[in-house]
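What follows is one structure encoded as structure tokens, with my remarks underneath.
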Amino acid sequence: MGEIIVSMEGIEKSFPGVHALNQCKFELRAGEVHALIGENGAGKSTMVKIMTGVYRKDAGKIIYKGVEVDFQGPKEAQELGISIVHQELNLMPHLTIAQNIFIGRETIDGTKFLLNDKVINDKTQALFDRMHLNLDPRTKVSDISVAKQQMVEIARALSFKSEVVIMDEPTAALTEAEIDELFRMIYELRDSGVGIVYISHRMEELKKICDRITVMRDGCYIDTVNIKDVTIDQIIHMMVGRTIYETAKPCTEGCSTEVVLEVKDLNRGRMVKNISFNLKKGEILGFAGLMGSGRTEVARAIFGADAIETGEIFIKGNKVLIKSPGDAVKHGIGYLSEDRKQYGLTVGMDVESNIVLSTFNKFTGHFGWVNVSKTKAIAEKMVKDLRIKTPSISQKVKFLSGGNQQKVVIGKWLTRDSDILIFDEPTRGIDIGAKSEIYKLLNDLAAQGKSIIMISSELPEIMRMSHRIMVMCGGRITGELSAEEATQNLIMKYATKRESQTTI
């Protein structure tokens with residue numbers, strides 16, 4: 001590792017009613033990967049936003065390359081060499097890769113009216129050559145994978161000659177192969193002297209990619225340690241202030257033999273091919289597979305979000321016709337999408353409204369009047385039962401942490417009293433403590449007789465939480481495993497096996 005390139009000391013930041021940062025510090029050396037970690041609400045995002053000029057600090061100092069700085073905005077930080085690759089990619093799909101990289105810095109030809117794409121294409125190609133990246137600058141962003149879009153974001157950061165690159169949950173939407181490619185890129189950047197701030201909730205990644213970690217908790221600096229000197233359990237203990245484990249306790253009790261959902265020969269496009277399985281009362285049925293295997297497409301077809309072409313669905317032995325999400329809800333099915341903000345929540349509305357949204361007719365009387373006392377009572381009950389951390393039920397959902405947003409979605413479907421719950425990536429983007437609470441909640445729901453389909457890309461999670469595991473590849477179920485026989489190697493074997501449905 002080289003010399004210190006960024007140093008933040010005594011950083012203070014307050015918002016109305018919230019002391020977000022209290023005497024926090026962080027340092028980054030040239031040529032290192034330094035993880036900034038903590039639970040949601042720990043202050044990581046606020047620190048990063050101060051580092052990149054999005055927020056102004058209330059107190060403290062930032063030293064960049066030996067000089068004290070006070071960025072007036074993100075553009076100033078970026079022009080000096082500090083860039084961020086956001087978790088939610090900021091690319092324009094209708095533009096080419098080169099146009100995205102040099103947006104706002106396009107080259108005008110001699111007429112001063114026309115953009116010169118050749119110049120930015122050549123500049124982008126030179127950048128890709130340096131990054132050993134095999135992409136055509138003229139390709140539209142809409143035509144490349146999420147992993148390649150991630151690389152384009154990194155290329156855009158480097159186009160500013162960035163010496164500091166902040167990566168926020170860079171692997172959240174990537175497959176294992178794509179993660180390996182990203183790590184290769186990070187190693188090359190590190191070896192070239194770039195300092196990388198790495199933010200991730202995936203503990204196993206820290207050991208693999210990081211040199212040091214800085215832990216934050218409740219807006220305070222906790223410690224900075226060399227990654228080789230600590231265990232994952234020690235890191236988690238620093239993050240949450242208590243002993244906690246990333247995975248829940250295994251399901252030891254067998255579930256009921258009563259089948260509540262049966263799917264027969266379901267087909268829908270290329271990603272849902274002859275899908276057949278059943279779900280029992282009180283069971284957590286895991287769906288594993290690589291990205292693009294068809295797991296989400298199966299869930300959307302069952303829920304009526306996508307029209308099925310052929311196949312049958314039975315609920316408690318009765319054949320049902322599900323043509324829309326409304327039909328699914330009437331039959332007692334709730335769906336928690338992997339994109340909770342787009343499909344699960346109305347983030348501009350408050351907690352109370354979101355919780356009662358799917359059952360509003362239960363709270364309306366004559367002439368459409370809403371019984372506010374009833375909506376308030378049920379919302380307060382859900383907040384208490386699910387331990388949703390919010391100042392009040394009047395708080396807008398967009399201001400809650402990811403884990404608490406997820407609980408609000410769960411509360412919505414519990415208010416509806418759905419017997420069948422489909423959880424698509426239930427812990428994506430949420431911290432260790434919130435994960436543990438979600439795991440406990442899922443086990444509690446199963447113990448109450450709710451039946452759960454859980455889709456997850458994290459193999460330790462799927463193995464720990466499931467009674468049975470269905471493995472998908474290429475739009476087909478290629479394996480079925482009990483909790484006792486499942487191993488990561490066996491799941492990956494079936495996740496890469498493009499054959500017709502097999503029951504183990």
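Starting from 1 in every chain, residues are counted up; chains themselves are A, B, ... following the order of the structure tokens, and ligands are numbered from 1 as listed.
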Closest atom pairs, segment 180-285 of chain A residues within 10 Å of segment 23-38 of chain A, only C-alpha atoms, as JSON lines:
{"residue": "A:Ile186", "atom": "CA", "partner": "A:Val33", "partner_atom": "CA", "distance": 8.2}
{"residue": "A:Tyr187", "atom": "CA", "partner": "A:Val33", "partner_atom": "CA", "distance": 8.6}
{"residue": "A:Glu188", "atom": "CA", "partner": "A:Gly31", "partner_atom": "CA", "distance": 9.6}
{"residue": "A:Leu189", "atom": "CA", "partner": "A:Gly31", "partner_atom": "CA", "distance": 7.6}
{"residue": "A:Arg190", "atom": "CA", "partner": "A:Gly31", "partner_atom": "CA", "distance": 4.4}
{"residue": "A:Asp191", "atom": "CA", "partner": "A:Gly31", "partner_atom": "CA", "distance": 5.9}
{"residue": "A:Ser192", "atom": "CA", "partner": "A:Gly31", "partner_atom": "CA", "distance": 6.7}
{"residue": "A:Gly193", "atom": "CA", "partner": "A:Gly31", "partner_atom": "CA", "distance": 4.0}
{"residue": "A:Val194", "atom": "CA", "partner": "A:Gly31", "partner_atom": "CA", "distance": 5.0}
{"residue": "A:Gly195", "atom": "CA", "partner": "A:Ala30", "partner_atom": "CA", "distance": 4.5}
{"residue": "A:Ile196", "atom": "CA", "partner": "A:Val33", "partner_atom": "CA", "distance": 4.7}
{"residue": "A:Val197", "atom": "CA", "partner": "A:His34", "partner_atom": "CA", "distance": 5.0}
{"residue": "A:Tyr198", "atom": "CA", "partner": "A:Ala35", "partner_atom": "CA", "distance": 4.4}
{"residue": "A:Ile199", "atom": "CA", "partner": "A:Leu36", "partner_atom": "CA", "distance": 5.4}
{"residue": "A:Ser200", "atom": "CA", "partner": "A:Ile37", "partner_atom": "CA", "distance": 6.8}
{"residue": "A:His201", "atom": "CA", "partner": "A:Ile37", "partner_atom": "CA", "distance": 7.3}
{"residue": "A:Arg202", "atom": "CA", "partner": "A:Ile37", "partner_atom": "CA", "distance": 9.9}
{"residue": "A:Met203", "atom": "CA", "partner": "A:Ile37", "partner_atom": "CA", "distance": 9.6}
{"residue": "A:Glu205", "atom": "CA", "partner": "A:Ala35", "partner_atom": "CA", "distance": 10.0}
{"residue": "A:Leu206", "atom": "CA", "partner": "A:Ala35", "partner_atom": "CA", "distance": 7.2}
{"residue": "A:Ile209", "atom": "CA", "partner": "A:Val33", "partner_atom": "CA", "distance": 7.1}
{"residue": "A:Cys210", "atom": "CA", "partner": "A:Val33", "partner_atom": "CA", "distance": 4.9}
{"residue": "A:Asp211", "atom": "CA", "partner": "A:Val33", "partner_atom": "CA", "distance": 5.5}
{"residue": "A:Arg212", "atom": "CA", "partner": "A:His34", "partner_atom": "CA", "distance": 4.9}
{"residue": "A:Ile213", "atom": "CA", "partner": "A:Ala35", "partner_atom": "CA", "distance": 4.5}
{"residue": "A:Thr214", "atom": "CA", "partner": "A:Leu36", "partner_atom": "CA", "distance": 5.0}
{"residue": "A:Val215", "atom": "CA", "partner": "A:Ile37", "partner_atom": "CA", "distance": 5.1}
{"residue": "A:Met216", "atom": "CA", "partner": "A:Gly38", "partner_atom": "CA", "distance": 5.1}
{"residue": "A:Arg217", "atom": "CA", "partner": "A:Gly38", "partner_atom": "CA", "distance": 5.9}
{"residue": "A:Asp218", "atom": "CA", "partner": "A:Gly38", "partner_atom": "CA", "distance": 8.6}
{"residue": "A:Gly219", "atom": "CA", "partner": "A:Cys24", "partner_atom": "CA", "distance": 7.6}
{"residue": "A:Cys220", "atom": "CA", "partner": "A:Cys24", "partner_atom": "CA", "distance": 5.7}
{"residue": "A:Tyr221", "atom": "CA", "partner": "A:Cys24", "partner_atom": "CA", "distance": 5.0}
{"residue": "A:Ile222", "atom": "CA", "partner": "A:Cys24", "partner_atom": "CA", "distance": 8.7}
{"residue": "A:Asp223", "atom": "CA", "partner": "A:Lys25", "partner_atom": "CA", "distance": 9.4}
{"residue": "A:Thr224", "atom": "CA", "partner": "A:Phe26", "partner_atom": "CA", "distance": 8.3}
{"residue": "A:Val225", "atom": "CA", "partner": "A:His34", "partner_atom": "CA", "distance": 9.9}
{"residue": "A:Asn226", "atom": "CA", "partner": "A:His34", "partner_atom": "CA", "distance": 9.3}
{"residue": "A:Ile227", "atom": "CA", "partner": "A:Ala35", "partner_atom": "CA", "distance": 9.2}
{"residue": "A:Ile235", "atom": "CA", "partner": "A:Ile37", "partner_atom": "CA", "distance": 9.1}
{"residue": "A:Ile236", "atom": "CA", "partner": "A:Gly38", "partner_atom": "CA", "distance": 8.5}
{"residue": "A:Met238", "atom": "CA", "partner": "A:Gly38", "partner_atom": "CA", "distance": 8.5}
{"residue": "A:Met239", "atom": "CA", "partner": "A:Gly38", "partner_atom": "CA", "distance": 5.1}
{"residue": "A:Val240", "atom": "CA", "partner": "A:Gly38", "partner_atom": "CA", "distance": 7.7}
Per-residue nearest contacts segment 244-341 of chain A to segment 348-362 of chain A, cut-off 10 Å, using only C-alpha atoms, as a tab-separated table:
residue	atom	partner	partner_atom	distance
A:Gly326	CA	A:Ser358	CA	9.6
A:Val329	CA	A:Ser358	CA	8.6
A:Gly334	CA	A:Ser358	CA	9.8
Serialized selection, all heavy atoms, as a compact mmCIF listing (two decimals), in the first residue's frame:
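Output file out.txt is given in full below:
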# COMPACT_ATOMS: atom_id res chain seq x y z
N GLY A 326 -53.98 -9.46 -8.98
CA GLY A 326 -55.22 -9.37 -8.21
C GLY A 326 -55.83 -10.73 -7.95
O GLY A 326 -56.33 -11.01 -6.85
N VAL A 329 -53.70 -12.51 -5.29
CA VAL A 329 -53.96 -11.98 -3.95
C VAL A 329 -55.27 -12.53 -3.40
O VAL A 329 -55.38 -12.89 -2.23
CB VAL A 329 -53.99 -10.43 -3.99
CG1 VAL A 329 -54.49 -9.87 -2.66
CG2 VAL A 329 -52.59 -9.89 -4.30
N GLY A 334 -49.07 -13.79 -1.62
CA GLY A 334 -48.38 -12.51 -1.53
C GLY A 334 -47.00 -12.63 -2.15
O GLY A 334 -46.34 -13.66 -2.04
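Between atom CA of Ser256 of chain A and atom CA of Glu484 of chain A the interatomic distance comes to 17.1 Å.
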>> Would you pick out the contacts of segment 7-15 of chain A at 10 Å or less, using only C-alpha atoms, so that residues sharing its chain but fewer than 2 positions from it are not included, and give the list as a PyMOL selection string?
In response: chain A and resi 4-5+17-29+43+46-47+50-51+55-68+219-221
